[in-house]
Every structure is written in structure tokens, then in C-alpha cells.
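Peer 1: Please find one structure pasted underneath; my questions will follow.
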Amino acid sequence: LMEFTGQPTVKEAVISLFPKFRNDLRVSMKVNTASDTIPSHPIIADTMANCLVEAGLQPDNIIIWEREEGTLQSSGYQIVNELGKVKVIGTNTPGYGYDERRSEKVHGVSVYLSSILTQHSDYQINLGVMKHHWFTGAAVCMKNHYGSIPLLEKPMAIGPYDILQLHLNACDPYMGELYATIEEKVPTVLCVCDGLLGAYNNGPLGPPQWVQNEILLSNDPVAIDTLALYRIEKKRREIGLPPLLNKAMFVRTGAQLDLGTNNPANMEMIRRSL
């Protein structure tokens, strides 16, 4: 994080992520625990939360979260919803839920957002995973926000037909438009791709298939998804699986929506080995 921000201490590195840092900012961290065999690892989420606290944020105002408590627990997280502590909760934790005060339009589909975003967050961190997705090619940071809206666990919230719509055409342009809608309400200060393990096939629920031992950081969700996609594509090529880049249209759409760049020539990359 210090290398990424160019700051000499963890505190200064965290503070530099925010346009206007205050100690009372509310920050949520969306993890991905759709598969308990290849989730956003708790050690990375906990380390990020500790960095936020070290920078001066109040533990009460930091939330590590996912759609459901059950997938967090099966992925090694402990549910915490107590005063004075960093919260680890699901949208289905009592007192939270989806914000049904108003729906948001995503390419003509009405969706509700998790109230963790709309009512408990000033900024967010997106902690995705380096894994394949059979619809979209990859499910890293941009796809992570499909866990911020009701889908199969609450099918009547937006309707079965609209759930299907959101997945048509490899989730394009829905994925990019959903990300842009959420970004407008709760800006992302950091995207993290947990690449300790990777999955190049049978995603998003299949097991990990290689050890990458890498963590990617960026303020650009399109760039981080593109780089993760290239790594997944490389592993698939090595064992003779068909390419994904033509399927992963969401990175092109993300660039068109000005969420970031999918052109490696426009990315400044810093590599750090530990």
C-alpha cells in the first residue's frame, strides 16, 4: 500500500487514498465469498481494516461485508456486529438489508442496492478475487458488485425476469452500468484483487486451480480486472482451454463508461516482491 501510494507510512498511505480524509468517515469493504474455496481471504480484509484503523478511522465506521452471513462464515470470517469493533456482516444481517426506499435503473432493469452501501458508507474498498466466470470470462472487482444487489437469495425483490436480464450477453452492459451507478453514490478509493490463489476454469464457484501469490492494487476497476483477466487467460492457454477475451466485453464497456482503462499501454505498473 505504501509502494502503491508513494507514501512513507501506512497512515499517510491510507489518508492519501481519500479526497478529503476525516476520522469519522464510514468505509465499507465489499469482499467476495461466493465460493468458500476461493474467497477474498480474511487475512487480506483484516489487514486492510487494520490499516484504516491505524490511519485514524473509528473501528465502528469500518464494515467488511458480503451478501450473506453464511458465505462469510464458511469462508473463514467471523460475524462481528458490536460497538467499538470493525463490523463483519452480510446484507442479510438484522438491521441492514436492501435499501428499498428507491430503486436504481441499470440498463432498464430496476435494482435495489445493499443498505450497507447507501446508508452506512461514505467510501468503499472493493476486494475481489482472481477467478474465472463462465458467463463473463472473469469475476474480479467489477463483477463483485453483483453481490450488492438481490439476486437468487431474494428473487422477488427485482423479479426472476430481471435477474435473467442482468446476466444476458455475458452481463454486458449491465455489469459496467451497475458499477457506475454504485460508484456515483459511494466512490471507491481502492480496488484490490486477491490473487493468492487463482481459478482459470469452472468459475465462479469452482475450486482454486493455481497458486499465483499476488495481490493487485489499483484505483481503476477496469485496469485491475483487465490484468487479472490476462493472468487467467495465460493459464488457460497453457493447458489448451479456449480464450476468454472476446467473451469479457465488460472491460471494454467499463472503459467506454470512463470507469478506467482496459489498455495496458495506459497503465502505470509498479511491481513489488515480498
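Naming scheme: A, B, ... for chains in displayed order of the C-alpha cells; residues 1 onward per chain; ligands 1 onward as shown.
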Enumerate the residues of segment 12-220 of chain A with a DSSP assignment of strand (DSSP E), computed from the backbone, and present them as a PyMOL selection string.

Peer 2: chain A and resi 27-31+62-66+87-90+98-106+109-114+123-133+137-138+188-199+210-218

Peer 1: Write out as a PyMOL selection string each polymer residue whose atoms come within 12 Å of Asn50 of chain A, counting only C-alpha atoms; drop sequence neighbours fewer than 3 positions from it.

Peer 2: chain A and resi 10-11+14+42-47+53-59+62-64+85-86

Peer 1: Could you please take those selected residues and save N, CA, C and O atoms as a compact mmCIF listing (two decimals), in the first residue's frame?

Peer 2:
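Heads up, here's the output in again_36.txt:
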# COMPACT_ATOMS: atom_id res chain seq x y z
N VAL A 10 2.07 3.73 6.67
CA VAL A 10 0.74 3.19 6.41
C VAL A 10 -0.32 4.28 6.61
O VAL A 10 -1.25 4.42 5.80
N LYS A 11 -0.19 5.06 7.68
CA LYS A 11 -1.16 6.11 7.96
C LYS A 11 -1.25 7.09 6.80
O LYS A 11 -2.36 7.42 6.32
N VAL A 14 -2.91 5.47 3.66
CA VAL A 14 -4.37 5.39 3.73
C VAL A 14 -5.00 6.77 3.54
O VAL A 14 -5.94 6.94 2.76
N PRO A 42 -9.74 -13.76 4.44
CA PRO A 42 -9.91 -12.91 5.62
C PRO A 42 -8.66 -12.16 6.04
O PRO A 42 -8.74 -11.02 6.50
N ILE A 43 -7.48 -12.77 5.86
CA ILE A 43 -6.25 -12.10 6.30
C ILE A 43 -6.00 -10.81 5.53
O ILE A 43 -5.48 -9.83 6.08
N ILE A 44 -6.43 -10.77 4.25
CA ILE A 44 -6.25 -9.54 3.47
C ILE A 44 -7.26 -8.49 3.92
O ILE A 44 -6.92 -7.32 4.11
N ALA A 45 -8.52 -8.90 4.10
CA ALA A 45 -9.55 -7.95 4.55
C ALA A 45 -9.21 -7.41 5.93
O ALA A 45 -9.33 -6.20 6.19
N ASP A 46 -8.78 -8.29 6.83
CA ASP A 46 -8.43 -7.84 8.19
C ASP A 46 -7.24 -6.89 8.17
O ASP A 46 -7.22 -5.89 8.91
N THR A 47 -6.26 -7.18 7.32
CA THR A 47 -5.08 -6.30 7.23
C THR A 47 -5.48 -4.92 6.71
O THR A 47 -5.02 -3.89 7.23
N VAL A 53 -7.77 1.60 10.53
CA VAL A 53 -7.78 1.99 11.95
C VAL A 53 -6.48 2.71 12.30
O VAL A 53 -6.48 3.73 13.01
N GLU A 54 -5.35 2.21 11.79
CA GLU A 54 -4.06 2.85 12.06
C GLU A 54 -4.04 4.28 11.54
O GLU A 54 -3.38 5.16 12.11
N ALA A 55 -4.78 4.53 10.47
CA ALA A 55 -4.82 5.88 9.90
C ALA A 55 -5.72 6.82 10.68
O ALA A 55 -5.72 8.02 10.43
N GLY A 56 -6.50 6.26 11.63
CA GLY A 56 -7.33 7.12 12.47
C GLY A 56 -8.82 6.94 12.32
O GLY A 56 -9.59 7.61 13.01
N LEU A 57 -9.25 6.04 11.42
CA LEU A 57 -10.69 5.81 11.30
C LEU A 57 -11.20 5.02 12.50
O LEU A 57 -10.48 4.20 13.08
N GLN A 58 -12.44 5.28 12.87
CA GLN A 58 -13.04 4.60 14.01
C GLN A 58 -13.46 3.19 13.60
O GLN A 58 -14.12 3.01 12.57
N PRO A 59 -13.10 2.17 14.39
CA PRO A 59 -13.49 0.80 14.05
C PRO A 59 -14.99 0.65 13.79
O PRO A 59 -15.39 -0.09 12.89
N ILE A 62 -16.09 1.05 10.12
CA ILE A 62 -15.50 0.19 9.09
C ILE A 62 -16.31 -1.09 9.00
O ILE A 62 -16.55 -1.74 10.03
N ILE A 63 -16.73 -1.44 7.81
CA ILE A 63 -17.55 -2.64 7.62
C ILE A 63 -16.92 -3.52 6.54
O ILE A 63 -16.66 -3.06 5.43
N ILE A 64 -16.66 -4.78 6.88
CA ILE A 64 -16.31 -5.81 5.90
C ILE A 64 -17.59 -6.57 5.63
O ILE A 64 -18.25 -7.04 6.57
N LYS A 85 -16.01 -2.13 17.43
CA LYS A 85 -15.24 -3.10 16.65
C LYS A 85 -15.52 -2.93 15.16
O LYS A 85 -16.58 -2.46 14.76
N VAL A 86 -14.54 -3.33 14.35
CA VAL A 86 -14.77 -3.41 12.91
C VAL A 86 -15.88 -4.43 12.67
O VAL A 86 -15.83 -5.55 13.18

Peer 1: Separation of atom CA of Asp258 of chain A and atom CA of Leu178 of chain A, in Å?

Peer 2: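 Going from atom CA of Asp258 of chain A over to atom CA of Leu178 of chain A, I get 13.2 Å.
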
Peer 1: What is the distance, in Å and to one decimal place, between atom CA of Leu168 of chain A and atom CA of Tyr230 of chain A?

Peer 2: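 A separation of 23.0 Å between them.
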
Peer 1: Rank nothing, just name the residue among A:Gly6, A:Gly195, A:Gly84, A:Gly147 nearest to Asn213 of chain A, using only C-alpha atoms.

Peer 2: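 With only C-alpha atoms as the atom set, the closest residue is A:Gly195.
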
Peer 1: State, in Å with one decimal place, the distance from atom CA of Gln78 of chain A to atom CA of Tyr200 of chain A.

Peer 2: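 Computing it gives 28.3 Å between the two atoms.
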
Peer 1: Need the shell around Ser121 of chain A: protein/DNA/RNA residues with any atom at most 10 Å away, counting only C-alpha atoms. Skip same-chain ones fewer than 3 positions apart. Format as a list in words?

Peer 2: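 Close residues of Ser121 of chain A: Leu25, Arg26, Val27, Ser28, Met29, Asn61, Ile62, Ile63, Ser115, Ile116, Leu117, Thr118, Gln124, Lys185, Val186 and Pro187 of chain A.
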
Peer 1: Any chance you can output those residues with N, CA and C atoms as a CSV table (one decimal), in the first residue's frame?

Peer 2:
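Output saved as selection-v6.csv:
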chain,number,residue,atom,x,y,z
A,25,LEU,N,-15.1,9.3,8.8
A,25,LEU,CA,-15.6,8.7,7.5
A,25,LEU,C,-16.0,7.2,7.8
A,26,ARG,N,-17.0,6.9,7.0
A,26,ARG,CA,-17.6,5.5,7.1
A,26,ARG,C,-17.1,4.8,5.8
A,27,VAL,N,-16.3,3.7,6.0
A,27,VAL,CA,-15.7,2.9,4.9
A,27,VAL,C,-16.2,1.5,4.9
A,28,SER,N,-16.7,1.0,3.8
A,28,SER,CA,-17.1,-0.4,3.7
A,28,SER,C,-16.2,-1.1,2.7
A,29,MET,N,-16.0,-2.4,3.0
A,29,MET,CA,-15.1,-3.2,2.2
A,29,MET,C,-15.9,-4.4,1.6
A,61,ASN,N,-16.9,2.5,12.3
A,61,ASN,CA,-17.3,3.0,11.0
A,61,ASN,C,-16.7,2.2,9.8
A,62,ILE,N,-16.1,1.1,10.1
A,62,ILE,CA,-15.5,0.2,9.1
A,62,ILE,C,-16.3,-1.1,9.0
A,63,ILE,N,-16.7,-1.4,7.8
A,63,ILE,CA,-17.6,-2.6,7.6
A,63,ILE,C,-16.9,-3.5,6.5
A,115,SER,N,-28.2,-1.7,1.7
A,115,SER,CA,-28.2,-0.5,2.6
A,115,SER,C,-26.8,-0.3,3.2
A,116,ILE,N,-26.0,-1.3,3.2
A,116,ILE,CA,-24.6,-1.1,3.7
A,116,ILE,C,-23.9,-0.1,2.9
A,117,LEU,N,-24.2,-0.1,1.6
A,117,LEU,CA,-23.6,1.0,0.7
A,117,LEU,C,-24.4,2.3,0.9
A,118,THR,N,-25.7,2.3,0.7
A,118,THR,CA,-26.4,3.5,0.6
A,118,THR,C,-26.6,4.2,2.0
A,124,GLN,N,-15.8,3.3,-0.3
A,124,GLN,CA,-15.7,1.9,-0.3
A,124,GLN,C,-14.4,1.4,-0.8
A,185,LYS,N,-22.7,6.9,-6.2
A,185,LYS,CA,-23.2,7.0,-4.9
A,185,LYS,C,-22.2,6.9,-3.8
A,186,VAL,N,-21.3,5.9,-4.0
A,186,VAL,CA,-20.3,5.6,-2.9
A,186,VAL,C,-18.9,5.4,-3.7
A,187,PRO,N,-18.1,6.4,-3.8
A,187,PRO,CA,-16.9,6.3,-4.5
A,187,PRO,C,-15.9,5.2,-3.9

Peer 1: Hey, what's within 8 Å of Leu245 of chain A if we count only C-alpha atoms and toss same-chain stuff fewer than 3 positions away? As an NGL selection string, please?

Peer 2: :A and (137 or 229 or 233 or 248-249)

Peer 1: Please identify all polymer residues within 9 Å of Pro173 of chain A, counting only C-alpha atoms, omitting same-chain residues fewer than 6 positions from it, and present them as a compact mmCIF listing (two decimals) with all heavy atoms, in the first residue's frame.

Peer 2:
# COMPACT_ATOMS: atom_id res chain seq x y z
N VAL A 106 -30.50 0.03 -14.05
CA VAL A 106 -29.27 -0.48 -14.65
C VAL A 106 -29.63 -1.01 -16.03
O VAL A 106 -30.15 -2.12 -16.17
CB VAL A 106 -28.64 -1.59 -13.78
CG1 VAL A 106 -27.42 -2.18 -14.47
CG2 VAL A 106 -28.29 -1.05 -12.41
N HIS A 107 -29.41 -0.16 -17.04
CA HIS A 107 -29.76 -0.51 -18.42
C HIS A 107 -31.20 -1.00 -18.52
O HIS A 107 -31.50 -2.03 -19.13
CB HIS A 107 -28.79 -1.55 -18.98
CG HIS A 107 -28.72 -1.55 -20.49
ND1 HIS A 107 -28.16 -0.52 -21.20
CD2 HIS A 107 -29.16 -2.45 -21.41
CE1 HIS A 107 -28.24 -0.78 -22.50
NE2 HIS A 107 -28.85 -1.95 -22.64
N LEU A 166 -30.07 -9.29 -16.22
CA LEU A 166 -28.77 -8.82 -15.75
C LEU A 166 -27.63 -9.74 -16.16
O LEU A 166 -26.46 -9.35 -16.11
CB LEU A 166 -28.78 -8.70 -14.22
CG LEU A 166 -29.63 -7.56 -13.64
CD1 LEU A 166 -29.78 -7.73 -12.14
CD2 LEU A 166 -29.02 -6.20 -13.96
N MET A 249 -16.57 -8.79 -22.47
CA MET A 249 -16.88 -7.48 -23.06
C MET A 249 -17.00 -6.38 -22.01
O MET A 249 -16.95 -5.20 -22.32
CB MET A 249 -18.18 -7.59 -23.87
CG MET A 249 -18.09 -8.56 -25.03
SD MET A 249 -19.66 -8.80 -25.89
CE MET A 249 -20.58 -9.78 -24.71
N PHE A 250 -17.18 -6.78 -20.75
CA PHE A 250 -17.41 -5.80 -19.69
C PHE A 250 -16.23 -4.85 -19.51
O PHE A 250 -16.42 -3.70 -19.10
CB PHE A 250 -17.75 -6.49 -18.37
CG PHE A 250 -16.61 -7.25 -17.76
CD1 PHE A 250 -15.77 -6.63 -16.84
CD2 PHE A 250 -16.39 -8.58 -18.08
CE1 PHE A 250 -14.72 -7.33 -16.26
CE2 PHE A 250 -15.35 -9.28 -17.49
CZ PHE A 250 -14.50 -8.66 -16.59
N THR A 253 -16.67 -2.15 -22.09
CA THR A 253 -17.77 -1.28 -21.69
C THR A 253 -17.37 -0.40 -20.51
O THR A 253 -17.71 0.79 -20.46
CB THR A 253 -19.00 -2.12 -21.33
OG1 THR A 253 -19.40 -2.87 -22.48
CG2 THR A 253 -20.16 -1.24 -20.89
N GLY A 254 -16.63 -0.97 -19.55
CA GLY A 254 -16.16 -0.18 -18.42
C GLY A 254 -15.30 0.99 -18.87
O GLY A 254 -15.41 2.10 -18.34

Peer 1: Can you list, as number ranges by chain, every protein, DNA or RNA residue that comes within 12 Å of Asn263 of chain A when you count only C-alpha atoms, leaving out same-chain residues fewer than 6 positions away?

Peer 2: A: 220, 222-227, 230, 251-252, 254-256

Peer 1: Which residues are close to Asn202 of chain A, i.e. within 8 Å by only C-alpha atoms, leaving aside same-chain residues fewer than 5 positions away? Reply as an mmCIF file with all heavy atoms, in the first residue's frame.

Peer 2:
data_model
loop_
_atom_site.group_PDB
_atom_site.id
_atom_site.type_symbol
_atom_site.label_atom_id
_atom_site.label_comp_id
_atom_site.auth_asym_id
_atom_site.auth_seq_id
_atom_site.Cartn_x
_atom_site.Cartn_y
_atom_site.Cartn_z
ATOM 1 N N HIS A 132 -12.108 -17.173 -12.696
ATOM 2 C CA HIS A 132 -12.884 -17.327 -13.914
ATOM 3 C C HIS A 132 -14.384 -17.232 -13.607
ATOM 4 O O HIS A 132 -14.831 -17.536 -12.505
ATOM 5 C CB HIS A 132 -12.548 -18.707 -14.513
ATOM 6 C CG HIS A 132 -13.464 -19.157 -15.602
ATOM 7 N ND1 HIS A 132 -14.508 -20.043 -15.387
ATOM 8 C CD2 HIS A 132 -13.480 -18.860 -16.925
ATOM 9 C CE1 HIS A 132 -15.120 -20.278 -16.537
ATOM 10 N NE2 HIS A 132 -14.532 -19.576 -17.471
ATOM 11 N N HIS A 133 -15.143 -16.787 -14.600
ATOM 12 C CA HIS A 133 -16.608 -16.823 -14.520
ATOM 13 C C HIS A 133 -17.136 -17.291 -15.867
ATOM 14 O O HIS A 133 -16.767 -16.748 -16.900
ATOM 15 C CB HIS A 133 -17.170 -15.441 -14.179
ATOM 16 C CG HIS A 133 -18.616 -15.457 -13.786
ATOM 17 N ND1 HIS A 133 -19.620 -15.737 -14.680
ATOM 18 C CD2 HIS A 133 -19.224 -15.242 -12.593
ATOM 19 C CE1 HIS A 133 -20.792 -15.685 -14.063
ATOM 20 N NE2 HIS A 133 -20.566 -15.394 -12.785
ATOM 21 N N TRP A 134 -17.981 -18.295 -15.849
ATOM 22 C CA TRP A 134 -18.387 -18.907 -17.111
ATOM 23 C C TRP A 134 -19.288 -18.015 -17.960
ATOM 24 O O TRP A 134 -19.373 -18.175 -19.170
ATOM 25 C CB TRP A 134 -19.034 -20.274 -16.878
ATOM 26 C CG TRP A 134 -20.394 -20.258 -16.227
ATOM 27 C CD1 TRP A 134 -20.683 -19.878 -14.961
ATOM 28 C CD2 TRP A 134 -21.629 -20.658 -16.830
ATOM 29 N NE1 TRP A 134 -22.024 -20.011 -14.718
ATOM 30 C CE2 TRP A 134 -22.637 -20.492 -15.854
ATOM 31 C CE3 TRP A 134 -21.989 -21.146 -18.075
ATOM 32 C CZ2 TRP A 134 -23.972 -20.789 -16.086
ATOM 33 C CZ3 TRP A 134 -23.325 -21.443 -18.312
ATOM 34 C CH2 TRP A 134 -24.297 -21.268 -17.336
ATOM 35 N N PRO A 207 -13.214 -24.661 -7.446
ATOM 36 C CA PRO A 207 -12.073 -24.534 -6.542
ATOM 37 C C PRO A 207 -10.916 -23.790 -7.194
ATOM 38 O O PRO A 207 -10.871 -23.633 -8.425
ATOM 39 C CB PRO A 207 -11.690 -25.992 -6.272
ATOM 40 C CG PRO A 207 -12.072 -26.697 -7.545
ATOM 41 C CD PRO A 207 -13.326 -26.014 -8.018
#

Peer 1: Considering only C-alpha atoms, can you say which of A:Phe135, A:Tyr112, A:Tyr98, A:Tyr77 comes closest to Thr181 of chain A?

Peer 2: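 Closest residue, counting only C-alpha atoms: A:Tyr112.
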
Peer 1: Can you list every residue in segment 22-160 of chain A that DSSP puts in helix (DSSP H, G or I), as a PyMOL selection string?

Peer 2: chain A and resi 42-54+59-61+69-74+115-120+143-148+160

Peer 1: Pick the closest to Thr136 of chain A from A:Glu184, A:Asp172, A:Glu82, A:Asp194: which is it, counting only C-alpha atoms?

Peer 2: A:Asp172

Peer 1: Between A:Lys87, A:Leu1, A:Gln7, A:Gly108, single out the one closest to Leu217 of chain A, counting only C-alpha atoms.

Peer 2: A:Leu1
